[in-house]
Amino acid sequence: MTVSPDWYLALSAVLFAIGALGVLVRRNVLVMFMCVELMLNAANLSFVTFARTLHDIGGQVLVFFVLVVAAAEVVVGLGLVVAIFRRRANATADDLHLMKG
Amino acid sequence: MVGMIGAALAGATGTGHSWVDVGTFVVAAAIVLAGAIGVVVARNPVHSALMLVMTLFGVAVLFVLQRDPFLAAVQVIVYAGAIVVLFLFVIMFLGVDREENIGFEPLRGQRPLAIGLVVLGTTGLLLLGQVSRWTTGAPHVAGVDGGKQSNVYLLGKSVYTTYLFPFEATAALLVIAVVGAVVLARRPPTGANPVTDAPAEAVPAGAMPANAMPAPTEEPASVDAPEPHHEARP
C-alpha cells in the first residue's frame with residue numbers, strides 16, 4: 001500500500017473547498033484573506049503532486065511563483081485593510097459597499 | 001524538523017517501508033484539514049492565523065513526502081515565517097483581536113447555499129477525478145525531475161534558464177507590491193485630497209477603537225503644519 005497521487009489530489013480538492021467556503025461564509029476581511037491563502041496552498045499541493053507524478057520540474061517552479069504572488073497579494077491586501085481601518089472601525093466586508101469609502 | 005522528517009523518509013523509502021509514507025500522509029492530511037477547518041470556524045482572527053500556521057506546516061510535510069524538500073523549507077520560511085507574521089502584525093496593530101459574533105447572518109440563506117454549493121462542487125470534482133484518470137498529460141515537458149541531480153539544482157537551473165523572464169517579472173511584481181503597500185498605508189496629508197478626506201469627517205471619532213489609531217501616527221504635525229499655515233495667511 002503506497003500513497004498514490006490520487007490521495008494528494010483529493011486532499012487538495014477538499015482543502016480548496018474549505019478555503020472557498022471560508023471566503024463565502026466569513027465576513028471578517030482578514031479571515032477571508034487567510035482562506036484565500038488556504039486555496040493557494042491547495043493549488044500548490046496539486047502542482048507538487050503533478051510535478052512528481054509527471055517527473056516534471058515545471059510544477060515545482062510554478063509553486064515558487066505562486067509563493068511570490070501570494071506574498072505580493074498579502075502585502076497589498078493588508079495595506080488596503082489598514083487604509084480601510086483609517087476610515088471605519090470594523091473590517092466587515094458587508095459594510096464596504098461604497099466606492100468612496 | 002523538516003530536514004529530520006526528510007531524512008527519516010529518505011531512509012524509510014530506501015528500505016521500502018511504504019507504510020511510513022502512508023502513516024505520514026494520514027497524519028499530515030489530518031493536520032492540514034483540522035487547521036483549515038479551524039481557520040474557517042475560529043471566532044478570533046488570531047486563532048485563525050495560528051490555525052493557518054498549522055495547515056501550512058502540514059502542507060510542508062506533504063511537500064517533503066513528495067521528495068520536494070526545498071519547497072517545503074520555502075513554505076515554512078515564507079508562509080509561516082513571513083506571511084502569517086504579517087497577518088498577526090496587522091491584526092494586533094488594528095486591534096481586531098477580539099471575539100467575533102459568528103452567529104449573526106446578514107444575508108439569510110447565505111450559509112446553507114454556500115455549503116451546498118461547495119459540497120456539490122467538491123463532490124463533482126472528486127467524481128470527475130475518479131472517473132477520468134487523476135493525472136494526465138505528457139511527462140517531463142519542462143524538464144526532467146529526479147535522476148542523479150538534486151531537487152534544488154534542478155529547480156535553480158530551471159528558474160534561471162527556462163523561466164528567467166517570469167522570474168524577472170516576479171521581481172518587478174514584488175517591487176510594485178511594496179510601493180503599492182506604502183502608498184496605500186501611508187497617512188495622507190490633511191487637506192491634500194478632498195475625496196479621501198471627506199469620509200473621515202463623516203465617521204465620528206468615538207466610533208474608532210482605541211487601538212485603531214495609535215498615538216504615534218497622530219503626531220507628524222510637520223506634514224500637516226504647512227497646510228493650515230497657507231490657509232491662514234489670506
# chains A, B, ... in the order shown; residues from 1 in each chain; ligands from 1
>>> residues_around(residues="Leu126 in chain B", least_positions_apart="5", cutoff="12 Å", atoms="only C-alpha atoms", output="VMD selection string")
(chain A and resid 6 to 14 17) or (chain B and resid 119 to 121 131 to 134)
>>> write_last_selection(atoms="C-alpha atoms", output="PDB file, in the first residue's frame")
ATOM      1  CA  ASP A   6      -4.948  10.486  -6.097  1.00  0.00           C
ATOM      2  CA  TRP A   7      -4.838  10.907  -2.344  1.00  0.00           C
ATOM      3  CA  TYR A   8      -2.905  14.126  -2.615  1.00  0.00           C
ATOM      4  CA  LEU A   9      -5.230  15.496  -5.276  1.00  0.00           C
ATOM      5  CA  ALA A  10      -8.320  14.582  -3.267  1.00  0.00           C
ATOM      6  CA  LEU A  11      -6.843  16.250  -0.185  1.00  0.00           C
ATOM      7  CA  SER A  12      -6.026  19.283  -2.297  1.00  0.00           C
ATOM      8  CA  ALA A  13      -9.604  19.457  -3.593  1.00  0.00           C
ATOM      9  CA  VAL A  14     -11.008  19.277  -0.058  1.00  0.00           C
ATOM     10  CA  ALA A  17     -13.247  23.628  -0.873  1.00  0.00           C
TER      11      ALA A  17
ATOM     12  CA  VAL B 119     -20.073  20.350  -1.233  1.00  0.00           C
ATOM     13  CA  LEU B 120     -21.649  19.923  -4.674  1.00  0.00           C
ATOM     14  CA  GLY B 121     -18.582  21.323  -6.436  1.00  0.00           C
ATOM     15  CA  VAL B 131     -13.936   8.650 -13.481  1.00  0.00           C
ATOM     16  CA  SER B 132     -11.236  10.105 -15.646  1.00  0.00           C
ATOM     17  CA  ARG B 133      -7.739   9.309 -14.521  1.00  0.00           C
ATOM     18  CA  TRP B 134      -6.410  11.763 -11.956  1.00  0.00           C
TER      19      TRP B 134
END
>>> select_by_dssp(residues="chain A", states="alpha helix (DSSP H)", output="ChimeraX atom specification")
/A:5-25,29-53,58-87
>>> residues_around(residues="Ala72 in chain B", least_positions_apart="6", cutoff="10 Å", atoms="only C-alpha atoms", output="PyMOL selection string")
chain B and resi 2-3+6+56-66+78
>>> write_last_selection(atoms="C-alpha atoms", output="short mmCIF file (atom, residue, chain, number, x, y, z; two decimals), in the first residue's frame")
data_model
loop_
_atom_site.label_atom_id
_atom_site.label_comp_id
_atom_site.auth_asym_id
_atom_site.auth_seq_id
_atom_site.Cartn_x
_atom_site.Cartn_y
_atom_site.Cartn_z
CA VAL B 2 11.52 19.21 8.16
CA GLY B 3 15.02 18.02 7.49
CA GLY B 6 13.00 14.20 5.18
CA LEU B 56 0.90 25.45 6.21
CA PHE B 57 3.15 23.20 8.24
CA GLY B 58 1.09 20.16 7.27
CA VAL B 59 1.38 21.12 3.62
CA ALA B 60 5.15 21.46 4.07
CA VAL B 61 5.26 17.91 5.45
CA LEU B 62 3.34 16.74 2.39
CA PHE B 63 5.92 18.50 0.19
CA VAL B 64 8.70 16.61 1.95
CA LEU B 65 6.75 13.42 1.46
CA GLN B 66 6.78 14.08 -2.29
CA VAL B 78 7.96 32.35 3.60
#
>>> residues_around(residues="Met32 in chain A", least_positions_apart="4", cutoff="10 Å", atoms="only C-alpha atoms", output="NGL selection string")
(:A and (19-28 or 36-38 or 93)) or (:B and (39-40))
>>> closest_atom_pairs(of="range 34-104 of chain B", to="range 59-63 of chain A", cutoff="12 Å", atoms="only C-alpha atoms", output="JSON lines")
{"residue": "B:Phe63", "atom": "CA", "partner": "A:Gln60", "partner_atom": "CA", "distance": 10.1}
{"residue": "B:Gln66", "atom": "CA", "partner": "A:Gln60", "partner_atom": "CA", "distance": 11.0}
{"residue": "B:Arg67", "atom": "CA", "partner": "A:Gln60", "partner_atom": "CA", "distance": 11.0}
{"residue": "B:Asp68", "atom": "CA", "partner": "A:Gln60", "partner_atom": "CA", "distance": 8.3}
{"residue": "B:Pro69", "atom": "CA", "partner": "A:Gln60", "partner_atom": "CA", "distance": 10.9}
{"residue": "B:Phe70", "atom": "CA", "partner": "A:Gln60", "partner_atom": "CA", "distance": 9.6}
{"residue": "B:Leu71", "atom": "CA", "partner": "A:Gln60", "partner_atom": "CA", "distance": 7.6}
{"residue": "B:Ala72", "atom": "CA", "partner": "A:Val63", "partner_atom": "CA", "distance": 10.6}
{"residue": "B:Val74", "atom": "CA", "partner": "A:Val63", "partner_atom": "CA", "distance": 10.1}
{"residue": "B:Gln75", "atom": "CA", "partner": "A:Val63", "partner_atom": "CA", "distance": 9.6}
>>> atom_distance(atom1="CA of Leu94 in chain B", atom2="CA of Leu184 in chain B")
15.1 Å
>>> closest_residue(among="A:Leu78, A:Leu54, A:Val68, A:Val31", to="Pro5 in chain A", atoms="only C-alpha atoms")
A:Leu54
>>> atom_distance(atom1="CA of Gly81 in chain B", atom2="CA of Ser150 in chain B")
24.9 Å
>>> atom_distance(atom1="CA of Gly109 in chain B", atom2="CA of His47 in chain B")
26.4 Å
>>> residues_around(residues="Leu15 in chain A", least_positions_apart="6", cutoff="7 Å", atoms="only C-alpha atoms", output="PyMOL selection string")
(chain A and resi 38-39+42) or (chain B and resi 33+36)
>>> write_last_selection(atoms="C-alpha atoms", output="PDB file, in the first residue's frame")
ATOM      1  CA  LEU A  38      -5.733  28.134   2.031  1.00  0.00           C
ATOM      2  CA  MET A  39      -6.898  27.946  -1.570  1.00  0.00           C
ATOM      3  CA  ALA A  42      -4.338  23.660  -2.184  1.00  0.00           C
TER       4      ALA A  42
ATOM      5  CA  LEU B  33      -7.723  19.587   7.329  1.00  0.00           C
ATOM      6  CA  ALA B  36      -8.183  24.577   7.551  1.00  0.00           C
TER       7      ALA B  36
END
>>> closest_residue(among="B:Ala114, B:Ile37, B:Val178, B:Leu107", to="Ile18 in chain A", atoms="only C-alpha atoms")
B:Ile37
>>> residues_around(residues="Leu80 in chain A", least_positions_apart="6", cutoff="10 Å", atoms="only C-alpha atoms", output="PyMOL selection string")
(chain A and resi 74+86) or (chain B and resi 180-181+183-185)
>>> residues_around(residues="Val46 in chain B", least_positions_apart="3", cutoff="9 Å", atoms="only C-alpha atoms", output="MDAnalysis selection string")
chainID B and resid 42:43 49:51 87:88 91:92 96:98
